[in-house]
Amino acid sequence: MSSAPMTQDELKTLVGRAALAHVVRGEIVGVGTGSTVNKFIDALATIKDQIRGAVSSSVASTERLQALGIEVFDSNAVGELSVYIDGADEIDGRGHMIKGGGAALTREKIVAAQSRRFVCIADASKQVQALGAFPVPVEVIPMAAQRITRQFAAQGGQAVLRLKDGAPLVTDNGQHILDVRGLKITDPLAFESEVNQWPGVVTVGVFAHQKAQVCLLATPQGVQTLQ
Ligand code: 5RP
């Protein structure tokens, strides 16, 4: 008898659990944000006595970690982390990612930069040949949103202000998000560097400088490790 195909939720659970193998026991782990990371946090709770705690990339992840009894440290109170575990909206074959679908990109990049190793956890639908089909999230200072929208338009991109309940979404940092479609990202490193220095851009959701060293990819056949 053939079994039913795994759902995307089951694939996320699978990869969330697989990430435990990358957690360094006795240390503080960097924790990302999103539905895949939520599965990781649930798995992390089963070994909470074997870690010191976590540095979190969002209010949502902090609340989930604390509810499960995992101590959350201020990023400024700890040094370099051995590992950061987070999801992605897209990941290419070189570990470059688009992130920020959950609006947590700025803190995600901060914790990633504080960590020696980025382990990306994703289901196979996130794997792409080239970045850019997923709209690129960009966290911006609200007063710069219109000018940044015009700067993207000059590059062929259509930027749309992200809304929540009919009003501009406000990030954990009190800023807004533009989602940019139609961009051709042939050189993710150069793209990230360029957009990062536009006045009013807080963070661009291309993670090429803070790329993943390892990608755990959940497939119906099991979890593949790409590095
Ligand atoms: C949040 C992120 C997430 O990692 C990304 O959106 C993937 O989320 P999910 O695991 O829910 O698909 O960057 O800002």
# chains A, B, ... in the order shown; residues from 1 in each chain; ligands from 1
>>> residues_near_ligand(ligand="ligand 1", cutoff="6 Å", atoms="only C-alpha atoms and all ligand atoms", output="PyMOL selection string")
chain A and resi 33-37+86-89+99-105
>>> select_by_dssp(residues="range 82-220 of chain A", states="alpha helix (DSSP H)", output="ChimeraX atom specification")
/A:105-113,145-154,188-196
>>> write_last_selection(atoms="C-alpha atoms", output="PDB file, in the first residue's frame")
ATOM      1  CA  LEU A 105      15.110  40.151   7.998  1.00  0.00           C
ATOM      2  CA  THR A 106      17.031  42.839   9.885  1.00  0.00           C
ATOM      3  CA  ARG A 107      17.392  40.934  13.134  1.00  0.00           C
ATOM      4  CA  GLU A 108      17.941  37.730  11.161  1.00  0.00           C
ATOM      5  CA  LYS A 109      20.915  39.302   9.393  1.00  0.00           C
ATOM      6  CA  ILE A 110      22.264  40.619  12.688  1.00  0.00           C
ATOM      7  CA  VAL A 111      22.173  37.213  14.390  1.00  0.00           C
ATOM      8  CA  ALA A 112      23.518  35.523  11.244  1.00  0.00           C
ATOM      9  CA  ALA A 113      26.456  37.964  11.244  1.00  0.00           C
ATOM     10  CA  ALA A 145       9.750  54.547   1.017  1.00  0.00           C
ATOM     11  CA  GLN A 146       8.652  56.541  -2.053  1.00  0.00           C
ATOM     12  CA  ARG A 147      12.163  57.422  -3.177  1.00  0.00           C
ATOM     13  CA  ILE A 148      13.362  53.830  -2.701  1.00  0.00           C
ATOM     14  CA  THR A 149      10.316  52.673  -4.701  1.00  0.00           C
ATOM     15  CA  ARG A 150      11.448  54.954  -7.542  1.00  0.00           C
ATOM     16  CA  GLN A 151      15.029  53.669  -7.294  1.00  0.00           C
ATOM     17  CA  PHE A 152      13.777  50.094  -7.714  1.00  0.00           C
ATOM     18  CA  ALA A 153      11.547  51.171 -10.624  1.00  0.00           C
ATOM     19  CA  ALA A 154      14.641  52.531 -12.381  1.00  0.00           C
ATOM     20  CA  PRO A 188      23.510  38.610  -5.294  1.00  0.00           C
ATOM     21  CA  LEU A 189      26.620  39.947  -3.528  1.00  0.00           C
ATOM     22  CA  ALA A 190      26.740  43.089  -5.678  1.00  0.00           C
ATOM     23  CA  PHE A 191      22.971  43.570  -5.466  1.00  0.00           C
ATOM     24  CA  GLU A 192      22.995  43.338  -1.659  1.00  0.00           C
ATOM     25  CA  SER A 193      25.947  45.737  -1.388  1.00  0.00           C
ATOM     26  CA  GLU A 194      24.355  48.292  -3.697  1.00  0.00           C
ATOM     27  CA  VAL A 195      20.850  48.380  -2.210  1.00  0.00           C
ATOM     28  CA  ASN A 196      22.224  48.362   1.335  1.00  0.00           C
TER      29      ASN A 196
END
>>> closest_residue(among="A:Arg64, A:His209, A:Lys126, A:Lys39", to="Thr13 in chain A", atoms="only C-alpha atoms")
A:Lys39
>>> select_by_dssp(residues="range 8-201 of chain A", states="strand (DSSP E)", output="PyMOL selection string")
chain A and resi 28-31+53-56+81-86+90-91+97-98+115-123+136-140+158-161+163-164+167-168+176-181+201
>>> write_last_selection(atoms="C-alpha atoms", output="PDB file, in the first residue's frame")
ATOM      1  CA  ILE A  28      23.831  29.396  22.949  1.00  0.00           C
ATOM      2  CA  VAL A  29      22.162  28.873  19.577  1.00  0.00           C
ATOM      3  CA  GLY A  30      21.058  31.579  17.130  1.00  0.00           C
ATOM      4  CA  VAL A  31      17.400  31.129  16.203  1.00  0.00           C
ATOM      5  CA  GLY A  53      19.812  29.149  25.602  1.00  0.00           C
ATOM      6  CA  ALA A  54      19.182  31.150  22.434  1.00  0.00           C
ATOM      7  CA  VAL A  55      19.634  34.501  20.742  1.00  0.00           C
ATOM      8  CA  SER A  56      16.430  35.211  18.860  1.00  0.00           C
ATOM      9  CA  LEU A  81      27.607  32.132  18.322  1.00  0.00           C
ATOM     10  CA  SER A  82      28.665  28.801  16.861  1.00  0.00           C
ATOM     11  CA  VAL A  83      25.541  28.341  14.786  1.00  0.00           C
ATOM     12  CA  TYR A  84      22.504  30.210  13.487  1.00  0.00           C
ATOM     13  CA  ILE A  85      19.533  28.205  12.278  1.00  0.00           C
ATOM     14  CA  ASP A  86      16.912  29.852  10.081  1.00  0.00           C
ATOM     15  CA  GLU A  90      14.522  31.115  -1.672  1.00  0.00           C
ATOM     16  CA  ILE A  91      17.967  29.527  -1.619  1.00  0.00           C
ATOM     17  CA  MET A  97      19.025  33.423  -0.003  1.00  0.00           C
ATOM     18  CA  ILE A  98      16.031  35.710  -0.143  1.00  0.00           C
ATOM     19  CA  SER A 115      27.330  33.414  14.082  1.00  0.00           C
ATOM     20  CA  ARG A 116      30.176  31.355  12.616  1.00  0.00           C
ATOM     21  CA  ARG A 117      27.857  29.081  10.651  1.00  0.00           C
ATOM     22  CA  PHE A 118      24.440  29.613   9.051  1.00  0.00           C
ATOM     23  CA  VAL A 119      22.397  26.432   8.730  1.00  0.00           C
ATOM     24  CA  CYS A 120      19.395  27.026   6.478  1.00  0.00           C
ATOM     25  CA  ILE A 121      16.386  24.768   6.969  1.00  0.00           C
ATOM     26  CA  ALA A 122      13.848  24.596   4.167  1.00  0.00           C
ATOM     27  CA  ASP A 123      11.540  22.358   2.241  1.00  0.00           C
ATOM     28  CA  VAL A 136      12.604  40.752  -2.325  1.00  0.00           C
ATOM     29  CA  PRO A 137      11.641  42.178   1.100  1.00  0.00           C
ATOM     30  CA  VAL A 138      13.390  45.426   1.985  1.00  0.00           C
ATOM     31  CA  GLU A 139      13.015  47.019   5.413  1.00  0.00           C
ATOM     32  CA  VAL A 140      12.951  50.789   5.021  1.00  0.00           C
ATOM     33  CA  GLN A 158       8.002  47.049  -8.721  1.00  0.00           C
ATOM     34  CA  ALA A 159       8.050  47.804  -4.993  1.00  0.00           C
ATOM     35  CA  VAL A 160       4.859  47.473  -2.972  1.00  0.00           C
ATOM     36  CA  LEU A 161       4.428  48.515   0.639  1.00  0.00           C
ATOM     37  CA  LEU A 163       0.269  45.824   4.587  1.00  0.00           C
ATOM     38  CA  LYS A 164      -1.185  44.123   7.629  1.00  0.00           C
ATOM     39  CA  ALA A 167      -2.315  49.415   7.334  1.00  0.00           C
ATOM     40  CA  PRO A 168       1.443  49.430   6.656  1.00  0.00           C
ATOM     41  CA  HIS A 176       8.138  49.361   7.040  1.00  0.00           C
ATOM     42  CA  ILE A 177       8.674  46.647   4.423  1.00  0.00           C
ATOM     43  CA  LEU A 178       8.706  47.023   0.632  1.00  0.00           C
ATOM     44  CA  ASP A 179       8.264  43.807  -1.374  1.00  0.00           C
ATOM     45  CA  VAL A 180       9.997  44.146  -4.736  1.00  0.00           C
ATOM     46  CA  ARG A 181       9.016  42.064  -7.758  1.00  0.00           C
ATOM     47  CA  VAL A 201      17.274  51.193   3.468  1.00  0.00           C
TER      48      VAL A 201
END
>>> atom_distance(atom1="CA of Asn173 in chain A", atom2="CA of Ile51 in chain A")
27.8 Å
>>> atom_distance(atom1="CA of Val170 in chain A", atom2="CA of Thr62 in chain A")
17.5 Å
>>> closest_residue(among="A:Ile141, A:Leu183, A:Ile70, A:Lys48", to="Val24 in chain A", atoms="only C-alpha atoms")
A:Lys48
>>> residues_around(residues="Met6 in chain A", least_positions_apart="4", cutoff="7 Å", atoms="only C-alpha atoms", output="ChimeraX atom specification")
/A:10-11,220
>>> atom_distance(atom1="CA of Phe207 in chain A", atom2="CA of Asp92 in chain A")
10.7 Å
